[in-house]
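To keep things clear, I will list the structure first and then write my remarks on it.
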Amino acid sequence: MFEQVMAGIRFGRPGPGRPGTRPSRVIADKGYSTRTIRAHLRRRRIPTTIPERRDQQANRRRRGHAGGRPPVFEHTAYRRRNVVERCFNRLKQFRAIATRYDKTALSYRGMLGLATLTLWL
């Protein structure tokens, strides 16, 4: 599913031209620390800030030199992930979003828009 989500990313750039499809950085939690996700982002030349799971660290250390070097991790960039988590927490205060009452994706997206407008006002 991660590759499908990344393929659906579109964001406007300043000035004319096509929308951007490659973010400047991906910040994720340990659940996204898999070989396939890291390889996909590496192929697209997208820098990552994903902490390594303990079992992955142990396996790399166990293998010694063959385990390779640890992935780059920026602590200052990872701290910014807090803003996104707080936004999700605020959105989950709306019962219709938290329990997903809407049957279609279009109506759920509309409810998300309504909730974000309510929070913004």
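Chains: A, B, ... in order of the structure tokens. Residues: from 1 per chain. Ligands: from 1, in order shown.
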Counting only C-alpha atoms, what are the residues of segment 38-105 of chain A within 9 Å of segment 12-25 of chain A, and for each of them which pair of atoms is the nearest and at what distance in Å, to one decimal? Sort the table by chain and rising number, as a Markdown table.
| residue | atom | partner | partner_atom | distance |
| --- | --- | --- | --- | --- |
| A:Arg44 | CA | A:Arg22 | CA | 7.7 |
| A:Arg45 | CA | A:Arg22 | CA | 8.6 |
| A:Ile46 | CA | A:Arg25 | CA | 5.9 |
| A:Pro47 | CA | A:Arg25 | CA | 5.0 |
| A:Thr48 | CA | A:Arg25 | CA | 5.7 |
| A:Thr49 | CA | A:Arg25 | CA | 7.5 |
From a backbone DSSP assignment, name each residue in chain A labelled alpha helix (DSSP H), as an mmCIF file with C-alpha atoms, in the first residue's frame.
data_model
loop_
_atom_site.group_PDB
_atom_site.id
_atom_site.type_symbol
_atom_site.label_atom_id
_atom_site.label_comp_id
_atom_site.auth_asym_id
_atom_site.auth_seq_id
_atom_site.Cartn_x
_atom_site.Cartn_y
_atom_site.Cartn_z
ATOM 1 C CA PHE A 2 2.918 2.369 0.631
ATOM 2 C CA GLU A 3 3.843 2.514 -3.054
ATOM 3 C CA GLN A 4 0.226 3.243 -4.011
ATOM 4 C CA VAL A 5 0.071 6.094 -1.501
ATOM 5 C CA MET A 6 3.338 7.522 -2.795
ATOM 6 C CA ALA A 7 2.072 7.268 -6.391
ATOM 7 C CA ARG A 35 13.637 -3.262 3.163
ATOM 8 C CA THR A 36 11.084 -2.817 0.366
ATOM 9 C CA ILE A 37 9.965 0.633 1.497
ATOM 10 C CA ARG A 38 13.529 1.851 1.942
ATOM 11 C CA ALA A 39 14.498 0.455 -1.484
ATOM 12 C CA HIS A 40 11.495 2.128 -3.130
ATOM 13 C CA LEU A 41 12.381 5.503 -1.619
ATOM 14 C CA ARG A 42 16.043 5.052 -2.512
ATOM 15 C CA ARG A 43 15.116 4.338 -6.150
ATOM 16 C CA ARG A 54 15.485 -3.182 17.346
ATOM 17 C CA ASP A 55 15.341 -6.544 15.616
ATOM 18 C CA GLN A 56 16.797 -4.978 12.456
ATOM 19 C CA GLN A 57 19.597 -3.375 14.473
ATOM 20 C CA ALA A 58 20.367 -6.703 16.163
ATOM 21 C CA ASN A 59 20.416 -8.580 12.851
ATOM 22 C CA ARG A 60 22.724 -5.997 11.298
ATOM 23 C CA ARG A 61 25.111 -6.185 14.262
ATOM 24 C CA ARG A 62 24.984 -9.988 14.269
ATOM 25 C CA ARG A 63 26.056 -10.086 10.624
ATOM 26 C CA HIS A 75 16.709 13.361 15.044
ATOM 27 C CA THR A 76 15.765 16.992 14.374
ATOM 28 C CA ALA A 77 13.662 16.066 11.327
ATOM 29 C CA TYR A 78 11.956 13.234 13.228
ATOM 30 C CA ARG A 79 10.807 15.662 15.926
ATOM 31 C CA ARG A 81 6.566 14.267 12.974
ATOM 32 C CA ASN A 82 4.941 15.305 16.247
ATOM 33 C CA VAL A 83 2.896 17.962 14.383
ATOM 34 C CA VAL A 84 1.296 15.348 12.132
ATOM 35 C CA GLU A 85 0.505 13.038 15.046
ATOM 36 C CA ARG A 86 -1.172 15.892 16.923
ATOM 37 C CA CYS A 87 -3.241 16.702 13.822
ATOM 38 C CA PHE A 88 -4.423 13.073 13.622
ATOM 39 C CA ASN A 89 -5.302 13.235 17.312
ATOM 40 C CA ARG A 90 -7.408 16.360 16.793
ATOM 41 C CA LEU A 91 -9.197 14.791 13.818
ATOM 42 C CA ARG A 95 -16.655 10.618 16.046
ATOM 43 C CA ALA A 96 -17.613 10.212 12.388
ATOM 44 C CA ILE A 97 -13.941 10.213 11.378
ATOM 45 C CA ALA A 98 -12.723 7.990 14.206
ATOM 46 C CA THR A 99 -15.295 5.247 13.545
ATOM 47 C CA ALA A 105 -14.528 7.383 0.104
ATOM 48 C CA LEU A 106 -15.985 10.594 -1.317
ATOM 49 C CA SER A 107 -18.247 11.234 1.677
ATOM 50 C CA TYR A 108 -15.422 10.338 4.099
ATOM 51 C CA ARG A 109 -13.157 12.823 2.343
ATOM 52 C CA GLY A 110 -15.909 15.436 2.596
ATOM 53 C CA MET A 111 -16.169 14.795 6.341
ATOM 54 C CA LEU A 112 -12.401 15.215 6.655
ATOM 55 C CA GLY A 113 -12.683 18.554 4.862
ATOM 56 C CA LEU A 114 -15.482 19.647 7.179
ATOM 57 C CA ALA A 115 -13.494 18.608 10.265
ATOM 58 C CA THR A 116 -10.355 20.440 9.134
ATOM 59 C CA LEU A 117 -12.364 23.574 8.432
ATOM 60 C CA THR A 118 -13.948 23.369 11.869
ATOM 61 C CA LEU A 119 -10.511 23.024 13.473
ATOM 62 C CA TRP A 120 -9.119 25.863 11.400
#
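All residues within segment 8-120 of chain A that the backbone DSSP calculation assigns to strand (DSSP E) are A:Val26, A:Ile27, A:Thr48, A:Thr49.
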Open item on the list: Given only C-alpha atoms as the basis, pick out the residue of A:Arg80, A:Arg100, A:His65, A:Lys92 nearest to Val26 of chain A.
Closed with: A:Arg80
TODO: Kindly indicate which residue among A:Gly67, A:Ile50, A:Asp102, A:Gly8 lies nearest to Thr34 of chain A, using only C-alpha atoms for the distances.
DONE: A:Ile50
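Minimum distance to Val72 of chain A across A:Phe11, A:Phe94, A:Leu121, A:Ile27 (counting only C-alpha atoms) occurs at A:Ile27.
Atom CA of Phe73 of chain A sits 11.0 Å away from atom CA of Ala28 of chain A.
Atom to atom, atom CA of Met1 of chain A and atom CA of Pro70 of chain A stand 24.9 Å apart.
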